[in-house]
Each structure stands twice: as C-alpha cells, then as structure tokens.
file start_20.cif (mmCIF, all heavy atoms)
data_protein
loop_
_atom_site.label_atom_id
_atom_site.label_comp_id
_atom_site.auth_asym_id
_atom_site.auth_seq_id
_atom_site.Cartn_x
_atom_site.Cartn_y
_atom_site.Cartn_z
N MET A 2 231.52 219.70 -140.12
CA MET A 2 232.04 221.04 -140.00
C MET A 2 231.23 221.95 -140.93
O MET A 2 230.85 221.54 -142.02
CB MET A 2 233.52 221.05 -140.37
CG MET A 2 234.16 222.41 -140.34
SD MET A 2 235.93 222.34 -140.60
CE MET A 2 236.45 222.59 -138.94
N ILE A 3 231.00 223.17 -140.49
CA ILE A 3 230.25 224.15 -141.28
C ILE A 3 231.11 225.39 -141.49
O ILE A 3 231.71 225.90 -140.55
CB ILE A 3 228.94 224.53 -140.58
CG1 ILE A 3 228.03 223.30 -140.48
CG2 ILE A 3 228.24 225.66 -141.32
CD1 ILE A 3 226.74 223.56 -139.76
N ALA A 4 231.15 225.84 -142.74
CA ALA A 4 231.88 227.07 -143.08
C ALA A 4 230.88 228.16 -143.39
O ALA A 4 229.83 227.91 -143.98
CB ALA A 4 232.79 226.83 -144.27
N THR A 5 231.21 229.38 -143.01
CA THR A 5 230.39 230.54 -143.33
C THR A 5 231.08 231.31 -144.44
O THR A 5 232.25 231.66 -144.33
CB THR A 5 230.21 231.45 -142.10
OG1 THR A 5 229.62 230.68 -141.06
CG2 THR A 5 229.33 232.64 -142.42
N VAL A 6 230.33 231.56 -145.52
CA VAL A 6 230.87 232.28 -146.67
C VAL A 6 230.10 233.57 -146.83
O VAL A 6 228.86 233.58 -146.91
CB VAL A 6 230.76 231.43 -147.97
CG1 VAL A 6 231.28 232.21 -149.16
CG2 VAL A 6 231.50 230.12 -147.81
N LYS A 7 230.83 234.69 -146.86
CA LYS A 7 230.23 236.00 -147.07
C LYS A 7 230.37 236.33 -148.54
O LYS A 7 231.43 236.12 -149.13
CB LYS A 7 230.95 237.03 -146.20
CG LYS A 7 230.26 238.36 -146.14
CD LYS A 7 230.91 239.24 -145.09
CE LYS A 7 230.11 240.51 -144.91
NZ LYS A 7 230.66 241.34 -143.85
N TYR A 8 229.30 236.85 -149.15
CA TYR A 8 229.34 237.12 -150.58
C TYR A 8 228.69 238.44 -150.93
O TYR A 8 227.88 238.97 -150.18
CB TYR A 8 228.65 236.00 -151.37
CG TYR A 8 227.17 235.88 -151.12
CD1 TYR A 8 226.26 236.58 -151.91
CD2 TYR A 8 226.66 235.08 -150.11
CE1 TYR A 8 224.90 236.49 -151.68
CE2 TYR A 8 225.31 234.97 -149.88
CZ TYR A 8 224.42 235.68 -150.67
OH TYR A 8 223.08 235.60 -150.45
N GLN A 9 229.10 238.97 -152.08
CA GLN A 9 228.45 240.11 -152.70
C GLN A 9 228.44 239.84 -154.19
O GLN A 9 229.49 239.59 -154.79
CB GLN A 9 229.14 241.42 -152.41
CG GLN A 9 228.43 242.59 -153.07
CD GLN A 9 228.99 243.94 -152.69
OE1 GLN A 9 229.86 244.03 -151.82
NE2 GLN A 9 228.51 244.97 -153.33
N VAL A 10 227.25 239.85 -154.78
CA VAL A 10 227.08 239.65 -156.22
C VAL A 10 226.22 240.79 -156.72
O VAL A 10 225.05 240.89 -156.35
CB VAL A 10 226.41 238.29 -156.53
CG1 VAL A 10 226.23 238.13 -158.03
CG2 VAL A 10 227.22 237.15 -155.96
N ALA A 11 226.81 241.66 -157.54
CA ALA A 11 226.12 242.85 -158.03
C ALA A 11 225.58 243.62 -156.81
O ALA A 11 226.37 244.05 -155.98
CB ALA A 11 225.06 242.49 -159.04
N THR A 12 224.26 243.75 -156.70
CA THR A 12 223.69 244.50 -155.58
C THR A 12 223.25 243.60 -154.43
O THR A 12 222.72 244.09 -153.44
CB THR A 12 222.48 245.33 -156.05
OG1 THR A 12 221.51 244.45 -156.60
CG2 THR A 12 222.90 246.35 -157.09
N TYR A 13 223.43 242.30 -154.56
CA TYR A 13 223.02 241.36 -153.53
C TYR A 13 224.20 240.99 -152.64
O TYR A 13 225.31 240.81 -153.12
CB TYR A 13 222.46 240.08 -154.16
CG TYR A 13 221.26 240.33 -155.03
CD1 TYR A 13 221.39 240.41 -156.41
CD2 TYR A 13 220.00 240.51 -154.47
CE1 TYR A 13 220.28 240.66 -157.22
CE2 TYR A 13 218.89 240.76 -155.26
CZ TYR A 13 219.05 240.83 -156.63
OH TYR A 13 217.97 241.08 -157.42
N SER A 14 223.93 240.86 -151.34
CA SER A 14 225.00 240.43 -150.43
C SER A 14 224.37 239.61 -149.30
O SER A 14 223.18 239.68 -149.05
CB SER A 14 225.75 241.63 -149.86
OG SER A 14 224.87 242.43 -149.10
N GLY A 15 225.22 238.84 -148.66
CA GLY A 15 224.74 238.04 -147.54
C GLY A 15 225.76 237.01 -147.13
O GLY A 15 226.93 237.07 -147.51
N GLU A 16 225.30 236.07 -146.33
CA GLU A 16 226.14 234.97 -145.87
C GLU A 16 225.41 233.67 -146.09
O GLU A 16 224.18 233.62 -146.03
CB GLU A 16 226.47 235.12 -144.38
CG GLU A 16 227.39 236.26 -144.06
CD GLU A 16 227.77 236.32 -142.58
OE1 GLU A 16 227.19 235.56 -141.78
OE2 GLU A 16 228.63 237.13 -142.25
N VAL A 17 226.17 232.62 -146.34
CA VAL A 17 225.60 231.29 -146.54
C VAL A 17 226.44 230.29 -145.76
O VAL A 17 227.65 230.43 -145.64
CB VAL A 17 225.51 230.94 -148.05
CG1 VAL A 17 226.86 230.83 -148.68
CG2 VAL A 17 224.73 229.67 -148.27
N GLN A 18 225.76 229.29 -145.19
CA GLN A 18 226.42 228.23 -144.44
C GLN A 18 226.63 227.04 -145.38
O GLN A 18 225.72 226.66 -146.10
CB GLN A 18 225.55 227.78 -143.27
CG GLN A 18 225.14 228.90 -142.34
CD GLN A 18 226.27 229.43 -141.52
OE1 GLN A 18 227.15 228.68 -141.12
NE2 GLN A 18 226.26 230.72 -141.24
N VAL A 19 227.83 226.46 -145.36
CA VAL A 19 228.19 225.36 -146.25
C VAL A 19 228.76 224.21 -145.43
O VAL A 19 229.63 224.43 -144.59
CB VAL A 19 229.24 225.82 -147.29
CG1 VAL A 19 229.65 224.68 -148.19
CG2 VAL A 19 228.72 226.99 -148.10
N ASN A 20 228.26 223.01 -145.66
CA ASN A 20 228.84 221.82 -145.03
C ASN A 20 230.18 221.54 -145.69
O ASN A 20 230.30 221.62 -146.91
CB ASN A 20 227.93 220.61 -145.20
CG ASN A 20 226.67 220.73 -144.38
OD1 ASN A 20 226.67 221.31 -143.31
ND2 ASN A 20 225.59 220.19 -144.89
N CYS A 21 231.19 221.21 -144.90
CA CYS A 21 232.51 220.95 -145.45
C CYS A 21 233.29 220.02 -144.52
O CYS A 21 232.87 219.74 -143.40
CB CYS A 21 233.27 222.25 -145.66
SG CYS A 21 233.67 223.12 -144.13
N ASN A 22 234.43 219.58 -145.01
CA ASN A 22 235.38 218.83 -144.19
C ASN A 22 236.47 219.78 -143.72
O ASN A 22 236.69 220.83 -144.33
CB ASN A 22 236.01 217.69 -145.00
CG ASN A 22 234.98 216.64 -145.38
OD1 ASN A 22 234.10 216.32 -144.59
ND2 ASN A 22 235.09 216.13 -146.59
N GLU A 23 237.17 219.42 -142.68
CA GLU A 23 238.20 220.31 -142.14
C GLU A 23 239.37 220.50 -143.12
O GLU A 23 240.09 221.50 -143.03
CB GLU A 23 238.71 219.81 -140.80
CG GLU A 23 239.32 218.41 -140.85
CD GLU A 23 239.67 217.89 -139.47
OE1 GLU A 23 238.83 218.00 -138.56
OE2 GLU A 23 240.78 217.37 -139.31
N ASN A 24 239.55 219.58 -144.07
CA ASN A 24 240.67 219.68 -145.02
C ASN A 24 240.29 220.35 -146.34
O ASN A 24 241.14 220.50 -147.21
CB ASN A 24 241.25 218.30 -145.30
CG ASN A 24 241.84 217.68 -144.05
OD1 ASN A 24 242.36 218.37 -143.19
ND2 ASN A 24 241.74 216.37 -143.94
N ASP A 25 239.03 220.73 -146.51
CA ASP A 25 238.60 221.37 -147.76
C ASP A 25 239.25 222.73 -147.92
O ASP A 25 239.37 223.50 -146.95
CB ASP A 25 237.08 221.53 -147.79
CG ASP A 25 236.34 220.23 -148.00
OD1 ASP A 25 237.00 219.23 -148.38
OD2 ASP A 25 235.12 220.21 -147.79
N GLU A 26 239.66 223.03 -149.15
CA GLU A 26 240.27 224.33 -149.43
C GLU A 26 239.18 225.38 -149.62
O GLU A 26 238.03 225.06 -149.95
CB GLU A 26 241.13 224.24 -150.69
CG GLU A 26 242.34 223.33 -150.51
CD GLU A 26 243.25 223.35 -151.72
OE1 GLU A 26 243.07 224.20 -152.60
OE2 GLU A 26 244.15 222.50 -151.76
N ASP A 27 239.54 226.65 -149.44
CA ASP A 27 238.59 227.74 -149.56
C ASP A 27 237.92 227.76 -150.93
O ASP A 27 236.72 228.04 -151.04
CB ASP A 27 239.27 229.08 -149.30
CG ASP A 27 239.57 229.30 -147.82
OD1 ASP A 27 239.15 228.47 -146.98
OD2 ASP A 27 240.23 230.32 -147.49
N GLU A 28 238.67 227.47 -152.00
CA GLU A 28 238.10 227.51 -153.35
C GLU A 28 236.97 226.50 -153.50
O GLU A 28 235.96 226.77 -154.14
CB GLU A 28 239.18 227.24 -154.41
CG GLU A 28 240.21 228.35 -154.53
CD GLU A 28 241.30 228.28 -153.46
OE1 GLU A 28 241.41 227.23 -152.79
OE2 GLU A 28 242.02 229.28 -153.30
N TYR A 29 237.13 225.33 -152.91
CA TYR A 29 236.10 224.28 -152.96
C TYR A 29 234.86 224.73 -152.19
O TYR A 29 233.73 224.55 -152.65
CB TYR A 29 236.66 222.97 -152.40
CG TYR A 29 235.67 221.84 -152.39
CD1 TYR A 29 235.30 221.21 -153.57
CD2 TYR A 29 235.10 221.41 -151.20
CE1 TYR A 29 234.37 220.17 -153.56
CE2 TYR A 29 234.19 220.38 -151.18
CZ TYR A 29 233.83 219.76 -152.36
OH TYR A 29 232.92 218.74 -152.35
N ILE A 30 235.07 225.31 -151.03
CA ILE A 30 233.95 225.78 -150.20
C ILE A 30 233.20 226.90 -150.91
O ILE A 30 231.97 226.94 -150.92
CB ILE A 30 234.47 226.22 -148.82
CG1 ILE A 30 235.01 225.01 -148.06
CG2 ILE A 30 233.37 226.92 -148.02
CD1 ILE A 30 235.77 225.35 -146.80
N ILE A 31 233.94 227.82 -151.54
CA ILE A 31 233.31 228.92 -152.26
C ILE A 31 232.51 228.39 -153.45
O ILE A 31 231.41 228.88 -153.73
CB ILE A 31 234.37 229.96 -152.69
CG1 ILE A 31 234.87 230.70 -151.45
CG2 ILE A 31 233.81 230.92 -153.73
CD1 ILE A 31 236.08 231.59 -151.70
N ALA A 32 233.01 227.38 -154.13
CA ALA A 32 232.27 226.78 -155.25
C ALA A 32 230.95 226.20 -154.76
O ALA A 32 229.91 226.34 -155.42
CB ALA A 32 233.11 225.72 -155.94
N LYS A 33 230.96 225.53 -153.61
CA LYS A 33 229.73 224.99 -153.05
C LYS A 33 228.77 226.12 -152.67
O LYS A 33 227.57 226.03 -152.90
CB LYS A 33 230.04 224.13 -151.83
CG LYS A 33 230.71 222.81 -152.17
CD LYS A 33 231.07 222.01 -150.95
CE LYS A 33 229.89 221.25 -150.43
NZ LYS A 33 230.25 220.32 -149.34
N ALA A 34 229.31 227.19 -152.11
CA ALA A 34 228.47 228.34 -151.73
C ALA A 34 227.84 228.98 -152.96
O ALA A 34 226.65 229.33 -152.94
CB ALA A 34 229.31 229.37 -150.97
N LYS A 35 228.60 229.11 -154.04
CA LYS A 35 228.05 229.68 -155.28
C LYS A 35 226.91 228.83 -155.80
O LYS A 35 225.89 229.35 -156.26
CB LYS A 35 229.14 229.78 -156.36
CG LYS A 35 230.09 230.93 -156.15
CD LYS A 35 231.08 231.01 -157.30
CE LYS A 35 232.07 232.13 -157.08
NZ LYS A 35 233.03 232.26 -158.20
N ARG A 36 227.06 227.51 -155.73
CA ARG A 36 226.01 226.61 -156.19
C ARG A 36 224.74 226.80 -155.35
O ARG A 36 223.64 226.86 -155.90
CB ARG A 36 226.51 225.17 -156.13
CG ARG A 36 225.59 224.18 -156.77
CD ARG A 36 226.20 222.80 -156.97
NE ARG A 36 227.04 222.36 -155.88
CZ ARG A 36 228.35 222.09 -155.99
NH1 ARG A 36 228.97 222.22 -157.14
NH2 ARG A 36 229.04 221.68 -154.95
N ILE A 37 224.88 226.93 -154.04
CA ILE A 37 223.73 227.12 -153.16
C ILE A 37 223.04 228.44 -153.45
O ILE A 37 221.81 228.51 -153.59
CB ILE A 37 224.16 227.04 -151.68
CG1 ILE A 37 224.59 225.62 -151.32
CG2 ILE A 37 223.05 227.52 -150.75
CD1 ILE A 37 225.29 225.49 -149.98
N VAL A 38 223.82 229.52 -153.55
CA VAL A 38 223.23 230.84 -153.79
C VAL A 38 222.57 230.89 -155.16
O VAL A 38 221.49 231.47 -155.32
CB VAL A 38 224.30 231.95 -153.64
CG1 VAL A 38 223.76 233.30 -154.07
CG2 VAL A 38 224.79 232.01 -152.20
N THR A 39 223.18 230.27 -156.16
CA THR A 39 222.59 230.24 -157.50
C THR A 39 221.25 229.51 -157.49
O THR A 39 220.28 229.97 -158.10
CB THR A 39 223.56 229.55 -158.50
OG1 THR A 39 224.78 230.29 -158.53
CG2 THR A 39 222.97 229.50 -159.89
N GLN A 40 221.17 228.39 -156.78
CA GLN A 40 219.91 227.66 -156.69
C GLN A 40 218.83 228.48 -155.99
O GLN A 40 217.69 228.51 -156.42
CB GLN A 40 220.11 226.33 -155.97
CG GLN A 40 220.88 225.32 -156.78
CD GLN A 40 221.19 224.05 -155.98
OE1 GLN A 40 221.04 224.01 -154.77
NE2 GLN A 40 221.66 223.02 -156.68
N ARG A 41 219.21 229.18 -154.94
CA ARG A 41 218.25 230.01 -154.21
C ARG A 41 217.77 231.18 -155.06
O ARG A 41 216.66 231.67 -154.88
CB ARG A 41 218.88 230.54 -152.92
CG ARG A 41 219.07 229.49 -151.87
CD ARG A 41 219.64 230.09 -150.61
NE ARG A 41 219.92 229.07 -149.62
CZ ARG A 41 220.60 229.29 -148.50
NH1 ARG A 41 221.08 230.48 -148.24
NH2 ARG A 41 220.82 228.30 -147.66
N ALA A 42 218.62 231.66 -155.97
CA ALA A 42 218.28 232.81 -156.82
C ALA A 42 217.45 232.40 -158.02
O ALA A 42 217.10 233.24 -158.84
CB ALA A 42 219.55 233.52 -157.27
N GLY A 43 217.17 231.13 -158.18
CA GLY A 43 216.35 230.68 -159.28
C GLY A 43 217.11 230.15 -160.47
O GLY A 43 216.57 230.00 -161.55
N GLY A 44 218.40 229.91 -160.33
CA GLY A 44 219.16 229.28 -161.40
C GLY A 44 220.26 230.12 -162.00
O GLY A 44 221.09 229.61 -162.75
N SER A 45 220.27 231.42 -161.73
CA SER A 45 221.36 232.25 -162.26
C SER A 45 221.59 233.44 -161.34
O SER A 45 220.70 233.87 -160.62
CB SER A 45 221.02 232.74 -163.67
OG SER A 45 219.89 233.58 -163.64
N LEU A 46 222.80 233.95 -161.40
CA LEU A 46 223.17 235.12 -160.63
C LEU A 46 223.26 236.32 -161.57
O LEU A 46 223.58 236.16 -162.75
CB LEU A 46 224.53 234.91 -159.95
CG LEU A 46 224.58 233.81 -158.89
CD1 LEU A 46 226.00 233.62 -158.40
CD2 LEU A 46 223.67 234.15 -157.72
N PRO A 47 223.02 237.53 -161.07
CA PRO A 47 223.12 238.70 -161.94
C PRO A 47 224.57 238.97 -162.33
O PRO A 47 225.50 238.61 -161.61
CB PRO A 47 222.57 239.84 -161.07
CG PRO A 47 222.71 239.36 -159.67
CD PRO A 47 222.61 237.87 -159.72
N PHE A 48 224.75 239.59 -163.48
CA PHE A 48 226.09 239.95 -163.92
C PHE A 48 226.58 241.15 -163.12
O PHE A 48 225.80 242.00 -162.71
CB PHE A 48 226.10 240.30 -165.41
CG PHE A 48 225.83 239.11 -166.28
CD1 PHE A 48 224.61 238.94 -166.89
CD2 PHE A 48 226.81 238.15 -166.47
CE1 PHE A 48 224.35 237.85 -167.68
CE2 PHE A 48 226.56 237.04 -167.25
CZ PHE A 48 225.33 236.89 -167.87
N GLY A 49 227.88 241.21 -162.91
CA GLY A 49 228.46 242.33 -162.18
C GLY A 49 229.55 241.86 -161.25
O GLY A 49 230.02 240.72 -161.32
N TYR A 50 229.92 242.73 -160.37
CA TYR A 50 230.99 242.47 -159.41
C TYR A 50 230.63 241.29 -158.51
O TYR A 50 229.50 241.17 -158.06
CB TYR A 50 231.22 243.72 -158.57
CG TYR A 50 232.18 243.53 -157.43
CD1 TYR A 50 233.55 243.53 -157.66
CD2 TYR A 50 231.73 243.34 -156.13
CE1 TYR A 50 234.45 243.35 -156.63
CE2 TYR A 50 232.62 243.16 -155.09
CZ TYR A 50 233.97 243.16 -155.34
OH TYR A 50 234.85 242.98 -154.31
N GLU A 51 231.60 240.40 -158.27
CA GLU A 51 231.41 239.28 -157.35
C GLU A 51 232.55 239.24 -156.35
O GLU A 51 233.71 239.40 -156.72
CB GLU A 51 231.38 237.95 -158.09
CG GLU A 51 230.13 237.68 -158.85
CD GLU A 51 230.07 236.25 -159.38
OE1 GLU A 51 230.68 235.36 -158.75
OE2 GLU A 51 229.40 236.05 -160.39
N SER A 52 232.21 239.02 -155.09
CA SER A 52 233.20 238.84 -154.04
C SER A 52 232.72 237.71 -153.13
O SER A 52 231.59 237.71 -152.68
CB SER A 52 233.34 240.13 -153.23
OG SER A 52 234.17 239.93 -152.10
N TRP A 53 233.59 236.72 -152.94
CA TRP A 53 233.27 235.55 -152.09
C TRP A 53 234.42 235.34 -151.13
O TRP A 53 235.58 235.34 -151.52
CB TRP A 53 233.09 234.31 -152.95
CG TRP A 53 232.00 234.41 -153.95
CD1 TRP A 53 232.06 235.02 -155.17
CD2 TRP A 53 230.67 233.92 -153.83
NE1 TRP A 53 230.85 234.92 -155.80
CE2 TRP A 53 229.99 234.24 -155.00
CE3 TRP A 53 230.00 233.22 -152.81
CZ2 TRP A 53 228.64 233.90 -155.21
CZ3 TRP A 53 228.66 232.87 -153.03
CH2 TRP A 53 228.01 233.22 -154.22
N LYS A 54 234.11 235.16 -149.83
CA LYS A 54 235.17 234.97 -148.84
C LYS A 54 234.68 234.06 -147.73
O LYS A 54 233.60 234.24 -147.19
CB LYS A 54 235.58 236.32 -148.25
CG LYS A 54 236.72 236.24 -147.28
CD LYS A 54 237.16 237.59 -146.79
CE LYS A 54 238.33 237.44 -145.85
NZ LYS A 54 238.79 238.72 -145.34
N VAL A 55 235.52 233.06 -147.39
CA VAL A 55 235.22 232.20 -146.25
C VAL A 55 235.60 232.98 -145.00
O VAL A 55 236.75 233.37 -144.82
CB VAL A 55 236.02 230.88 -146.33
CG1 VAL A 55 235.76 230.02 -145.11
CG2 VAL A 55 235.68 230.12 -147.61
N VAL A 56 234.60 233.23 -144.14
CA VAL A 56 234.86 234.06 -142.95
C VAL A 56 234.94 233.27 -141.67
O VAL A 56 235.33 233.81 -140.63
CB VAL A 56 233.80 235.18 -142.81
CG1 VAL A 56 233.92 236.17 -143.94
CG2 VAL A 56 232.40 234.62 -142.74
N GLY A 57 234.59 231.98 -141.72
CA GLY A 57 234.69 231.19 -140.50
C GLY A 57 234.37 229.73 -140.72
O GLY A 57 233.68 229.37 -141.67
N ARG A 58 234.92 228.90 -139.85
CA ARG A 58 234.64 227.46 -139.86
C ARG A 58 234.39 227.03 -138.43
O ARG A 58 235.09 227.46 -137.51
CB ARG A 58 235.82 226.68 -140.42
CG ARG A 58 236.15 226.98 -141.86
CD ARG A 58 237.29 226.10 -142.32
NE ARG A 58 237.80 226.54 -143.60
CZ ARG A 58 238.38 225.74 -144.47
NH1 ARG A 58 238.56 224.46 -144.19
NH2 ARG A 58 238.80 226.19 -145.62
N SER A 59 233.39 226.18 -138.27
CA SER A 59 233.12 225.67 -136.93
C SER A 59 232.62 224.24 -136.98
O SER A 59 232.21 223.75 -137.98
CB SER A 59 232.08 226.54 -136.23
OG SER A 59 230.90 226.60 -136.97
#
call {"tool": "encode", "arguments": {"input": "start_20.cif", "output": "structure tokens"}}
result
Amino acid sequence: MIATVKYQVATYSGEVQVNCNENDEDEYIIAKAKRIVTQRAGGSLPFGYESWKVVGRS
C-alpha cells in the first residue's frame, strides 16, 4: 500500500509517496515522510512553519 503525504515546510511544499501497511496510523506515515523529505533535502529541513497531512492511500 502507498500513502500520499502533502507537506509544507517553511517555503517548500510538495507531495511524497510512502510505503505503508493498511493498519499504519497517520502519525507513523508522516514520520516516514519526514525522514524521506529530510534525506532528499540533504539531512535537515529549514526552520519555520511545518504542515504534514496524509491525503490518500492506495
């Protein structure tokens, strides 16, 4: 199963796909998404407003 997480961190925004199980809670999925986005950003995210939301599962 794949979950889509929409995010906004400071001035950056986008969506990321996360592998998950059907019983995983949103908080767990968001934590995995944060880890993926942090790795893509080079190891850290900018300080500022953060918004993370699971928008779909398929």
call {"tool": "closest_residue", "arguments": {"input": "start_20.cif", "among": "A:Ile3, A:Val56, A:Leu46, A:Val38", "to": "A:Asp25", "atoms": "only C-alpha atoms"}}
result
A:Ile3
call {"tool": "resolve_selection", "arguments": {"input": "start_20.cif", "expression": "the PyMOL selection byres (((chain A and resi 16-24 and name CA) around 9) and name CA)", "output": "NGL selection string"}}
result
:A and (2-9 or 14-15 or 25-26 or 29-31 or 33-34 or 37-38 or 58)
call {"tool": "closest_residue", "arguments": {"input": "start_20.cif", "among": "A:Arg36, A:Glu28, A:Gly49, A:Val55", "to": "A:Thr12", "atoms": "only C-alpha atoms"}}
result
A:Gly49
call {"tool": "select_by_dssp", "arguments": {"input": "start_20.cif", "residues": "chain A", "states": "helix (DSSP H, G or I)", "output": "list in words"}}
result
Asp27, Glu28, Tyr29, Ile30, Ile31, Ala32, Lys33, Ala34, Lys35, Arg36, Ile37, Val38, Thr39, Gln40 and Arg41 of chain A
call {"tool": "atom_distance", "arguments": {"input": "start_20.cif", "atom1": "atom CA of A:Gln40", "atom2": "atom CA of A:Lys54"}}
result
18.7 Å
call {"tool": "decode", "arguments": {"input": "start_20.cif", "residues": "stretch 6-21 of chain A", "atoms": "N, CA and C atoms", "output": "mmCIF file, in the first residue's frame"}}
result
data_model
loop_
_atom_site.group_PDB
_atom_site.id
_atom_site.type_symbol
_atom_site.label_atom_id
_atom_site.label_comp_id
_atom_site.auth_asym_id
_atom_site.auth_seq_id
_atom_site.Cartn_x
_atom_site.Cartn_y
_atom_site.Cartn_z
ATOM 1 N N VAL A 6 1.546 11.852 1.062
ATOM 2 C CA VAL A 6 1.607 12.846 2.131
ATOM 3 C C VAL A 6 1.914 14.194 1.506
ATOM 4 N N LYS A 7 1.065 15.176 1.801
ATOM 5 C CA LYS A 7 1.266 16.537 1.328
ATOM 6 C C LYS A 7 1.935 17.309 2.448
ATOM 7 N N TYR A 8 2.950 18.107 2.110
ATOM 8 C CA TYR A 8 3.687 18.816 3.148
ATOM 9 C C TYR A 8 4.007 20.246 2.744
ATOM 10 N N GLN A 9 4.227 21.070 3.768
ATOM 11 C CA GLN A 9 4.761 22.407 3.591
ATOM 12 C C GLN A 9 5.727 22.637 4.740
ATOM 13 N N VAL A 10 6.967 22.961 4.409
ATOM 14 C CA VAL A 10 7.996 23.253 5.400
ATOM 15 C C VAL A 10 8.618 24.579 4.998
ATOM 16 N N ALA A 11 8.408 25.598 5.834
ATOM 17 C CA ALA A 11 8.875 26.949 5.531
ATOM 18 C C ALA A 11 8.352 27.335 4.142
ATOM 19 N N THR A 12 9.242 27.556 3.179
ATOM 20 C CA THR A 12 8.795 27.960 1.845
ATOM 21 C C THR A 12 8.710 26.791 0.871
ATOM 22 N N TYR A 13 9.022 25.591 1.326
ATOM 23 C CA TYR A 13 8.992 24.410 0.470
ATOM 24 C C TYR A 13 7.681 23.659 0.643
ATOM 25 N N SER A 14 7.156 23.141 -0.469
ATOM 26 C CA SER A 14 5.934 22.334 -0.379
ATOM 27 C C SER A 14 5.978 21.267 -1.466
ATOM 28 N N GLY A 15 5.177 20.245 -1.259
ATOM 29 C CA GLY A 15 5.111 19.177 -2.246
ATOM 30 C C GLY A 15 4.391 17.969 -1.703
ATOM 31 N N GLU A 16 4.530 16.875 -2.419
ATOM 32 C CA GLU A 16 3.938 15.608 -2.017
ATOM 33 C C GLU A 16 4.992 14.527 -2.087
ATOM 34 N N VAL A 17 4.864 13.545 -1.216
ATOM 35 C CA VAL A 17 5.796 12.423 -1.199
ATOM 36 C C VAL A 17 4.989 11.136 -1.049
ATOM 37 N N GLN A 18 5.452 10.088 -1.729
ATOM 38 C CA GLN A 18 4.816 8.777 -1.662
ATOM 39 C C GLN A 18 5.543 7.941 -0.612
ATOM 40 N N VAL A 19 4.789 7.265 0.257
ATOM 41 C CA VAL A 19 5.364 6.480 1.346
ATOM 42 C C VAL A 19 4.774 5.077 1.315
ATOM 43 N N ASN A 20 5.635 4.067 1.385
ATOM 44 C CA ASN A 20 5.155 2.690 1.513
ATOM 45 C C ASN A 20 4.613 2.498 2.922
ATOM 46 N N CYS A 21 3.483 1.823 3.048
ATOM 47 C CA CYS A 21 2.884 1.621 4.362
ATOM 48 C C CYS A 21 2.005 0.372 4.345
#
